[in-house]
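A short worksheet on the structure shown next.
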Amino acid sequence: MATDLVVVGRGPAGLLLSSLAVQAGAAVSVVADGLGTLPLWGGQWDFRSYDTDGAPITDPYAWWRAREPHTSPPGVTRGWLAYWQHLAALWTEMGIAVNPPGPNNQWTVTPLGHLRPTYLAPSWQYTTDKPSPVIFVGVPGLTDFVPTAMARVYEWATGATAYTMMLETPPAWRETWNALNWAWFLDAPGGQEWLMRVLRGRSLPSEGPLLFPQILGVDHAQAFIAELAKTLSRRVAEVPLPPVSVGGIRVQRRWDRWLRHHAVPFISGRVHRAEPDQVVLADGRKVTARVVLATGGVLGGGLLVEADGTVRDAVTGVAVSFGEHDDLATVGYLETTGPIPVVGRMVKGWNPDQYGEGGAMILSTVHAVHQRLMRHSLETGTWR
Amino acid sequence: MVVVIGGGSAGLGVAWDLLLRQIPVTVVESGPMGRGTSGRFHGLLHSGARYAVVDPVSAEQCRAENARLRHIAPSAIEAVEGYFVSVDEVGESYAQEWLKGAAAANIPVEEVSRDRVLEHLPGLTPDVRQSFRVHDAVLEGFKLLEMLTTNIRSRGGTVLQEASVTAVHTVNGRVSGVVVRADGEDRVIPCDAVINAGGPWAFQVAQLFQDHLDMQLSSGLMMIYANRMVPHVVNRLAPPGDGDIFVPHGNTVILGTTEVPQNTADPVEPTRREAQYLQSLGAQLFPEIVRWRVLRAFTGVRPLFQGSSLAPHSRVSRDFTVVDHGATVGFQGAFSIVGGKWTTFRLMAERTGDAVAAYLRVHVPSTTADVVLTPPETQKRQHTGALVCECETVGVGDLEPRLSEPLADWRTRTWWAMGPCQGTVCAHRGIALRIPHDGVLAALQDLREFRAERERGMRPVAWGDNARQWALNHAVTGQTLAEGAVRKIGD
Ligand SMILES: Cc1cc2nc3c(=O)[nH]c(=O)nc-3n(C[C@H](O)[C@H](O)[C@H](O)COP(=O)(O)OP(=O)(O)OC[C@H]3O[C@@H](n4cnc5c(N)ncnc54)[C@H](O)[C@@H]3O)c2cc1C
Ligand SMILES: Cc1cc2nc3c(=O)[nH]c(=O)nc-3n(C[C@H](O)[C@H](O)[C@H](O)COP(=O)(O)OP(=O)(O)OC[C@H]3O[C@@H](n4cnc5c(N)ncnc54)[C@H](O)[C@@H]3O)c2cc1C
């Protein structure tokens, strides 16, 4: 089968680039040795959450506009709104309901009950533009989500009331259940009926949405949450938890399915060598096509850190700089425009952990590379 | 009443010694348990063999105390085996001298065949030439500190934490009390004698007695590797030097150490360059170490007493000294205990106890060599309730009974957040348990300090798989938990 483009990596950057290329008519293959970071987080995409002093940002468009001339690659930020709208439309097509991108950041709740900004989140996740009274609903044994502690922090941070509720355990429950065990339990009719029954038997506080840990199902979460909301006649939403994170797994599964529907093969294996037109896997297999690395930086495995501090591209062996202040958080390639383009966390200078700009990093780098590939294909009539 | 300044091995040891002589004591410790060197050491219960040539006094002391500690605190000692292996000519020629020294100090040494040692120590370099088995073992420092604390308390002694001695009062040239500062407030504890067991800070404490202690501080680096890759203590057979000992500890193994002179008593942050150097030395014994998963690096400060100021650093004795400040500067009733080892803490305590008891005219001999310490109830880990820390299987049931302990003690007493993930997925769970008890601000402040402390140890050794762990840690704490921006909305 002829392939126009081979994307190495199936984290969010690799998935988005593959989708754009597919939509532009290219034949794409994805090669990866692991699932990438989506199963490690809730799937909420940040635009720019904090300024350099750590203060939350309300209007991320204004923040980027003020800096546009200095950002690299130049010019991409002009397309922000279009990029977000594209992502929202793509997700909707995949079956991930999402609130339309607005002018401002939204607040979302952390597992400790604090608020933080985010920009675009699947609608199963609790987001709001103004903190108001909420109800935290906990389940036994899930130490990632302790309603009494969260309520204390939430009230301290917002001044709004937080009510708490603890559910009992279903007969199938084991002490070792984590969020994913709960989610699979609640993905099936038996689990859903159990939760409905338990909630119907409880009297709820008069105000506030019901906020659950992110455990309300895997493939059927969206419908189940809607049903819960209807039955209880109030808003029901989730708070994303630390890894293993159910929200990201939901996004990943839907995204994978969408790409497979569009005839994208997933090749599982580790890439050992790459040239602009070919990758070689550890077991000797070769894929010949235009190559993009979406290999995820240090965490994704695309960058290897050696004892002396040298950082190497795991695929090409090229040493990349270690950042200005010995900063492992922002290490990567300076540009997306090398002979083998890189996207996502492979690009230097972004710091999602500190500034909350992970989604912006992916959109910016992926669209820059996509546009470059498109120009090339228009000029030459081929993707290579 | 005797006040002991410092709650490390020396301070708790001497408090225990005095209590058994029916002398009431109060220990004042400025940090959480193990803030000083006693919580930042290599974990080796010395057989004495390491000092057989260079420091015969310490060698002899270690040999005797090794046997005594196995008797009085068996639950804090893991009786693994210890090996000395030579891997080059230097080691081989040193062996003769070393065997003589060991014999002179009565240290049992047994030669082991090459095949046998390679079987017992998988991964040991095939360059091994000679190997000997000795009675080295693992000393679980935090366990023993907690055990001493609870035994002191159950016999009516007092142990204060997060409290510092800031002044010493005298009447007619004799110690009459100390000023203790805790939570920003001063109070006076009347006493008849005071003992400076300040470890590397001892020279500062001695200034409260208007005396000057000439100490030689040096920093030692240690690195923790996951998976207990070495099941026994392994020493390089050579004149003592850098990076020549591996000590297993729980699910890990610790490589150490170095000796870098320093002027301050506080431990310094390790650097990447030093960590790389230490690992390269470790590779001489275990070449595959470059593929092991390193977890963190930490340093401790040796509180050695200067003795002769001309002695080169590595030759300063591991022996200890009891200083009577009445004899040196006429400050009656003030004593200092400096130098020594964890292994010899009981002996140090006995000698100091002898001096203090004599000053107080209490004629009761030390019994610490015979009285077996009782392990505290809480050291029996429950593993009950919902899991909080997966790496070390710490449950809610292990932590909830300890809600009034400082957060640092949770780590050192239950091993919560000490495993390969270094708190990435469990620190916030522990904090959530504490929030209703401590309040929001205090608990979040604890969380911030905890992250900073873990970071100091992870960053210098962020390479290979540990670099990925470091990156995951930053993503979870910065993005999922948004800990970087903990403030009220609208502030
Ligand atoms: C815990 C956590 C929380 C997060 N929270 C948020 C958030 O709240 N908001 C937000 O916007 N973003 C969040 N993110 C996303 C983050 O900010 C980054 O945007 C994202 O992780 C980068 O994704 P990526 O696609 O560049 O790389 P990755 O997701 O790391 O994907 C890398 C891929 O490359 C593959 N790979 C690497 N090397 C090779 C090789 N040699 N051969 C074959 N395959 C290879 C891997 O198997 C993997 O599939 C979070 C991330 C994490 C980990
Ligand atoms: C790198 C390294 C590795 C080592 N490895 C080993 C080993 O494997 N085996 C072994 O046997 N020994 C080892 N040692 C030696 C051993 O750890 C130390 O000798 C011993 O722990 C010292 O105990 P200490 O009580 O004297 O000091 P510390 O443990 O430092 O205790 C002193 C205490 O005094 C407190 N303090 C100071 N000033 C005040 C004040 N004004 N008021 C109240 N409190 C105060 C401090 O907070 C501190 O907790 C090692 C040492 C180092 C540095």
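Residue numbering restarts at 1 in every chain; chains get A, B, ... in the order shown in the structure tokens, and ligands count up from 1 in that same order.
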| said: I need the contact residues of chain B against chain A, so if you could list those with any atom within 6 Å, counting only C-alpha atoms, and return them as an MDAnalysis selection string, that would help. | reply: chainID B and resid 386 429 432 435:436 440 463:464 468 471 475 478:479 481 485 488:489
| Could you write out, as a PyMOL selection string, all the residues of stretch 122-284 of chain B that DSSP marks as helix (DSSP H, G or I)? | chain B and resi 141-154+199-207+272-282
| said: Would you pick out the contacts of stretch 178-185 of chain B at 12 Å or less, using only C-alpha atoms, so that residues sharing its chain but fewer than 5 positions from it are not included, and give the list as a PyMOL selection string? | reply: chain B and resi 1-5+26-31+160-171+190-196+205+208-209+333-334
| said: Which residues are near ligand 2 in this structure, taking near to mean any atom at most 7 Å from a ligand atom and counting only C-alpha atoms and all ligand atoms? Format them as a ChimeraX atom specification. | reply: /B:5-11,28-31,33-46,163-166,197-202,205,219-222,257,299-303,338-344
Residue selection dump (C-alpha atoms) as a PDB file, in the first residue's frame:
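See again.pdb below for the written result:
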```
ATOM      1  CA  ILE B   5      20.276  19.382  71.926  1.00  0.00           C
ATOM      2  CA  GLY B   6      19.766  17.406  68.737  1.00  0.00           C
ATOM      3  CA  GLY B   7      17.628  14.351  68.072  1.00  0.00           C
ATOM      4  CA  GLY B   8      19.878  12.399  65.751  1.00  0.00           C
ATOM      5  CA  SER B   9      21.446   9.054  66.626  1.00  0.00           C
ATOM      6  CA  ALA B  10      23.831  10.661  69.118  1.00  0.00           C
ATOM      7  CA  GLY B  11      21.208  12.771  70.886  1.00  0.00           C
ATOM      8  CA  VAL B  28      15.140  19.173  71.690  1.00  0.00           C
ATOM      9  CA  GLU B  29      15.282  18.621  67.929  1.00  0.00           C
ATOM     10  CA  SER B  30      14.972  21.544  65.560  1.00  0.00           C
ATOM     11  CA  GLY B  31      13.542  19.582  62.642  1.00  0.00           C
ATOM     12  CA  MET B  33      12.939  13.151  62.814  1.00  0.00           C
ATOM     13  CA  GLY B  34      16.164  12.549  60.879  1.00  0.00           C
ATOM     14  CA  ARG B  35      16.652  16.111  59.701  1.00  0.00           C
ATOM     15  CA  GLY B  36      20.385  15.793  60.279  1.00  0.00           C
ATOM     16  CA  THR B  37      23.000  13.281  59.193  1.00  0.00           C
ATOM     17  CA  SER B  38      21.241  10.399  60.924  1.00  0.00           C
ATOM     18  CA  GLY B  39      18.529  10.628  58.268  1.00  0.00           C
ATOM     19  CA  ARG B  40      20.975  11.208  55.427  1.00  0.00           C
ATOM     20  CA  PHE B  41      23.518   8.410  55.736  1.00  0.00           C
ATOM     21  CA  HIS B  42      24.386   5.284  53.801  1.00  0.00           C
ATOM     22  CA  GLY B  43      22.575   2.759  55.965  1.00  0.00           C
ATOM     23  CA  LEU B  44      25.553   0.491  56.626  1.00  0.00           C
ATOM     24  CA  LEU B  45      25.930  -1.300  59.920  1.00  0.00           C
ATOM     25  CA  HIS B  46      29.709  -1.518  59.764  1.00  0.00           C
ATOM     26  CA  ALA B 163      12.030  23.153  68.483  1.00  0.00           C
ATOM     27  CA  SER B 164      15.495  24.737  68.745  1.00  0.00           C
ATOM     28  CA  VAL B 165      17.716  25.600  71.643  1.00  0.00           C
ATOM     29  CA  THR B 166      18.737  29.238  71.223  1.00  0.00           C
ATOM     30  CA  ALA B 197      24.505  16.442  70.069  1.00  0.00           C
ATOM     31  CA  GLY B 198      24.115  18.835  67.166  1.00  0.00           C
ATOM     32  CA  GLY B 199      25.907  16.699  64.588  1.00  0.00           C
ATOM     33  CA  PRO B 200      27.274  18.974  61.868  1.00  0.00           C
ATOM     34  CA  TRP B 201      25.707  21.937  63.704  1.00  0.00           C
ATOM     35  CA  ALA B 202      27.613  21.101  66.890  1.00  0.00           C
ATOM     36  CA  VAL B 205      25.629  24.900  69.426  1.00  0.00           C
ATOM     37  CA  SER B 219      29.589  16.304  52.227  1.00  0.00           C
ATOM     38  CA  GLY B 220      28.888  12.796  51.009  1.00  0.00           C
ATOM     39  CA  LEU B 221      26.767  12.008  47.956  1.00  0.00           C
ATOM     40  CA  MET B 222      24.587   8.918  47.692  1.00  0.00           C
ATOM     41  CA  THR B 257      29.691   8.038  48.736  1.00  0.00           C
ATOM     42  CA  THR B 299      23.828  14.295  50.384  1.00  0.00           C
ATOM     43  CA  GLY B 300      24.702  14.079  54.054  1.00  0.00           C
ATOM     44  CA  VAL B 301      27.207  16.042  56.092  1.00  0.00           C
ATOM     45  CA  ARG B 302      29.832  14.247  58.160  1.00  0.00           C
ATOM     46  CA  PRO B 303      30.230  15.879  61.551  1.00  0.00           C
ATOM     47  CA  VAL B 338      31.035  14.952  68.184  1.00  0.00           C
ATOM     48  CA  GLY B 339      32.155  12.634  65.402  1.00  0.00           C
ATOM     49  CA  GLY B 340      31.535   8.919  65.328  1.00  0.00           C
ATOM     50  CA  LYS B 341      29.228   6.789  63.231  1.00  0.00           C
ATOM     51  CA  TRP B 342      25.646   5.617  63.335  1.00  0.00           C
ATOM     52  CA  THR B 343      27.045   2.148  64.024  1.00  0.00           C
ATOM     53  CA  THR B 344      28.775   3.372  67.176  1.00  0.00           C
TER      54      THR B 344
END
```
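For the pair atom CA of A:Gly9 and atom CA of A:Val320, the separation is 18.8 Å.
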| said: With DSSP run on the backbone, what are the strand (DSSP E or B) residues within stretch 238-375 of chain A? I'd like them as a PyMOL selection string. | reply: chain A and resi 238-239+266-268+271-275+278-281+286-288+290-293+303-305+311-313+319-320+333+342+347
With N, CA, C and O atoms kept, could you save the residues just selected as a compact mmCIF listing (two decimals), in the first residue's frame?
```txt
# COMPACT_ATOMS: atom_id res chain seq x y z
N GLU A 238 -17.77 15.64 35.48
CA GLU A 238 -16.66 14.93 36.12
C GLU A 238 -15.45 15.83 36.35
O GLU A 238 -15.26 16.82 35.66
N VAL A 239 -14.62 15.38 37.29
CA VAL A 239 -13.32 16.00 37.55
C VAL A 239 -12.25 15.02 37.09
O VAL A 239 -12.25 13.87 37.53
N PHE A 266 -2.27 1.50 12.04
CA PHE A 266 -1.38 1.74 13.19
C PHE A 266 -0.35 0.64 13.21
O PHE A 266 -0.69 -0.54 13.35
N ILE A 267 0.89 1.01 13.05
CA ILE A 267 1.97 0.03 13.07
C ILE A 267 2.63 0.13 14.43
O ILE A 267 3.06 1.21 14.84
N SER A 268 2.68 -1.01 15.11
CA SER A 268 3.22 -0.97 16.45
C SER A 268 4.69 -1.37 16.42
O SER A 268 5.04 -2.43 15.92
N VAL A 271 10.73 2.98 16.34
CA VAL A 271 11.53 3.45 15.21
C VAL A 271 12.96 3.67 15.67
O VAL A 271 13.21 4.33 16.66
N HIS A 272 13.89 3.08 14.94
CA HIS A 272 15.30 3.16 15.30
C HIS A 272 16.06 4.20 14.51
O HIS A 272 17.02 4.77 14.97
N ARG A 273 15.65 4.35 13.25
CA ARG A 273 16.34 5.29 12.38
C ARG A 273 15.31 5.98 11.52
O ARG A 273 14.27 5.42 11.20
N ALA A 274 15.62 7.20 11.15
CA ALA A 274 14.70 7.89 10.25
C ALA A 274 15.48 8.77 9.30
O ALA A 274 16.52 9.33 9.66
N GLU A 275 15.02 8.83 8.07
CA GLU A 275 15.49 9.82 7.11
C GLU A 275 14.23 10.56 6.69
O GLU A 275 13.13 10.11 7.00
N GLN A 278 11.96 7.97 5.02
CA GLN A 278 11.84 6.57 5.42
C GLN A 278 12.12 6.40 6.91
O GLN A 278 13.00 7.05 7.48
N VAL A 279 11.37 5.50 7.54
CA VAL A 279 11.72 5.10 8.90
C VAL A 279 12.05 3.61 8.90
O VAL A 279 11.50 2.83 8.13
N VAL A 280 12.99 3.25 9.81
CA VAL A 280 13.36 1.85 9.98
C VAL A 280 13.02 1.47 11.41
O VAL A 280 13.43 2.14 12.36
N LEU A 281 12.26 0.39 11.56
CA LEU A 281 11.88 -0.05 12.89
C LEU A 281 12.95 -0.94 13.49
O LEU A 281 13.82 -1.46 12.79
N LYS A 286 10.55 -1.47 7.33
CA LYS A 286 10.74 -0.12 6.83
C LYS A 286 9.40 0.43 6.38
O LYS A 286 8.56 -0.31 5.87
N VAL A 287 9.21 1.72 6.59
CA VAL A 287 8.05 2.38 5.99
C VAL A 287 8.59 3.55 5.19
O VAL A 287 9.33 4.39 5.72
N THR A 288 8.25 3.59 3.92
CA THR A 288 8.78 4.63 3.05
C THR A 288 7.70 5.66 2.76
O THR A 288 6.67 5.34 2.17
N ARG A 290 6.98 10.30 3.47
CA ARG A 290 7.40 11.53 4.13
C ARG A 290 7.24 11.37 5.64
O ARG A 290 6.19 10.97 6.11
N VAL A 291 8.29 11.69 6.43
CA VAL A 291 8.30 11.39 7.87
C VAL A 291 8.05 12.64 8.71
O VAL A 291 8.63 13.70 8.43
N VAL A 292 7.21 12.51 9.72
CA VAL A 292 7.08 13.54 10.75
C VAL A 292 7.24 12.85 12.11
O VAL A 292 6.67 11.79 12.33
N LEU A 293 8.01 13.46 12.99
CA LEU A 293 8.18 12.91 14.33
C LEU A 293 7.24 13.61 15.31
O LEU A 293 7.34 14.82 15.53
N LEU A 303 12.93 11.92 23.10
CA LEU A 303 14.21 12.50 23.49
C LEU A 303 14.79 11.69 24.63
O LEU A 303 14.10 11.42 25.62
N LEU A 304 16.04 11.29 24.49
CA LEU A 304 16.70 10.51 25.54
C LEU A 304 17.68 11.42 26.27
O LEU A 304 18.48 12.11 25.65
N VAL A 305 17.61 11.40 27.58
CA VAL A 305 18.52 12.22 28.38
C VAL A 305 19.64 11.33 28.88
O VAL A 305 19.40 10.28 29.49
N VAL A 311 21.03 15.63 25.47
CA VAL A 311 19.70 15.16 25.11
C VAL A 311 19.73 14.80 23.62
O VAL A 311 20.14 15.60 22.79
N ARG A 312 19.34 13.56 23.33
CA ARG A 312 19.41 13.07 21.95
C ARG A 312 18.04 12.70 21.43
O ARG A 312 17.22 12.14 22.15
N ASP A 313 17.84 12.96 20.16
CA ASP A 313 16.65 12.46 19.48
C ASP A 313 16.77 10.94 19.41
O ASP A 313 17.76 10.42 18.88
N ALA A 319 21.89 15.36 18.68
CA ALA A 319 21.86 15.99 19.99
C ALA A 319 21.14 17.33 19.86
O ALA A 319 21.45 18.13 18.98
N VAL A 320 20.14 17.54 20.71
CA VAL A 320 19.44 18.82 20.70
C VAL A 320 19.88 19.60 21.92
O VAL A 320 20.39 19.03 22.87
N TYR A 333 13.51 20.64 19.83
CA TYR A 333 14.00 21.27 18.61
C TYR A 333 13.56 22.73 18.57
O TYR A 333 12.44 23.05 18.96
N VAL A 342 9.26 18.09 13.26
CA VAL A 342 8.80 17.57 14.55
C VAL A 342 7.58 18.37 15.00
O VAL A 342 7.45 19.55 14.67
N VAL A 347 9.05 19.98 20.28
CA VAL A 347 9.46 21.35 19.93
C VAL A 347 9.88 22.10 21.18
O VAL A 347 9.23 22.02 22.22
```
Using only C-alpha atoms, which protein or nucleic acid residues come within 7 Å of stretch 22-34 of chain A? Drop anything in the same chain fewer than 4 positions from it, and give the result as a tab-separated table (two decimals) with N, CA, C and O atoms, in the first residue's frame.
```
chain	number	residue	atom	x	y	z
A	3	THR	N	2.02	4.87	0.86
A	3	THR	CA	1.76	5.81	1.94
A	3	THR	C	2.39	7.14	1.59
A	3	THR	O	3.53	7.18	1.12
A	4	ASP	N	1.64	8.21	1.80
A	4	ASP	CA	2.21	9.54	1.55
A	4	ASP	C	2.99	10.05	2.75
A	4	ASP	O	3.99	10.74	2.62
A	5	LEU	N	2.46	9.74	3.93
A	5	LEU	CA	3.01	10.36	5.15
A	5	LEU	C	3.09	9.30	6.23
A	5	LEU	O	2.15	8.53	6.43
A	6	VAL	N	4.24	9.24	6.92
A	6	VAL	CA	4.31	8.36	8.09
A	6	VAL	C	4.54	9.24	9.33
A	6	VAL	O	5.49	10.01	9.39
A	7	VAL	N	3.60	9.12	10.25
A	7	VAL	CA	3.68	9.89	11.48
A	7	VAL	C	4.19	8.97	12.57
A	7	VAL	O	3.59	7.92	12.82
A	8	VAL	N	5.30	9.33	13.20
A	8	VAL	CA	5.83	8.52	14.30
A	8	VAL	C	5.29	9.08	15.61
A	8	VAL	O	5.60	10.22	15.97
A	9	GLY	N	4.48	8.29	16.29
A	9	GLY	CA	3.90	8.73	17.56
A	9	GLY	C	2.40	8.85	17.48
A	9	GLY	O	1.86	9.36	16.50
A	10	ARG	N	1.73	8.32	18.48
A	10	ARG	CA	0.27	8.41	18.49
A	10	ARG	C	-0.25	9.11	19.74
A	10	ARG	O	-1.31	8.79	20.26
A	18	SER	N	-2.12	13.40	11.86
A	18	SER	CA	-2.65	12.35	10.98
A	18	SER	C	-4.04	12.72	10.49
A	18	SER	O	-4.37	12.53	9.31
A	264	VAL	N	-6.41	4.52	8.19
A	264	VAL	CA	-5.04	4.76	8.67
A	264	VAL	C	-4.56	3.53	9.44
A	264	VAL	O	-5.17	3.15	10.43
A	265	PRO	N	-3.50	2.87	8.98
A	265	PRO	CA	-2.99	1.73	9.73
A	265	PRO	C	-2.12	2.18	10.91
A	265	PRO	O	-1.38	3.16	10.80
A	266	PHE	N	-2.27	1.50	12.04
A	266	PHE	CA	-1.38	1.74	13.19
A	266	PHE	C	-0.35	0.64	13.21
A	266	PHE	O	-0.69	-0.54	13.35
A	267	ILE	N	0.89	1.01	13.05
A	267	ILE	CA	1.97	0.03	13.07
A	267	ILE	C	2.63	0.13	14.43
A	267	ILE	O	3.06	1.21	14.84
A	268	SER	N	2.68	-1.01	15.11
A	268	SER	CA	3.22	-0.97	16.45
A	268	SER	C	4.69	-1.37	16.42
A	268	SER	O	5.04	-2.43	15.92
A	269	GLY	N	5.54	-0.54	16.95
A	269	GLY	CA	6.97	-0.83	16.96
A	269	GLY	C	7.78	0.42	17.24
A	269	GLY	O	7.26	1.53	17.16
A	270	ARG	N	9.02	0.20	17.57
A	270	ARG	CA	9.89	1.33	17.89
A	270	ARG	C	10.72	1.70	16.67
A	270	ARG	O	11.34	0.83	16.04
```
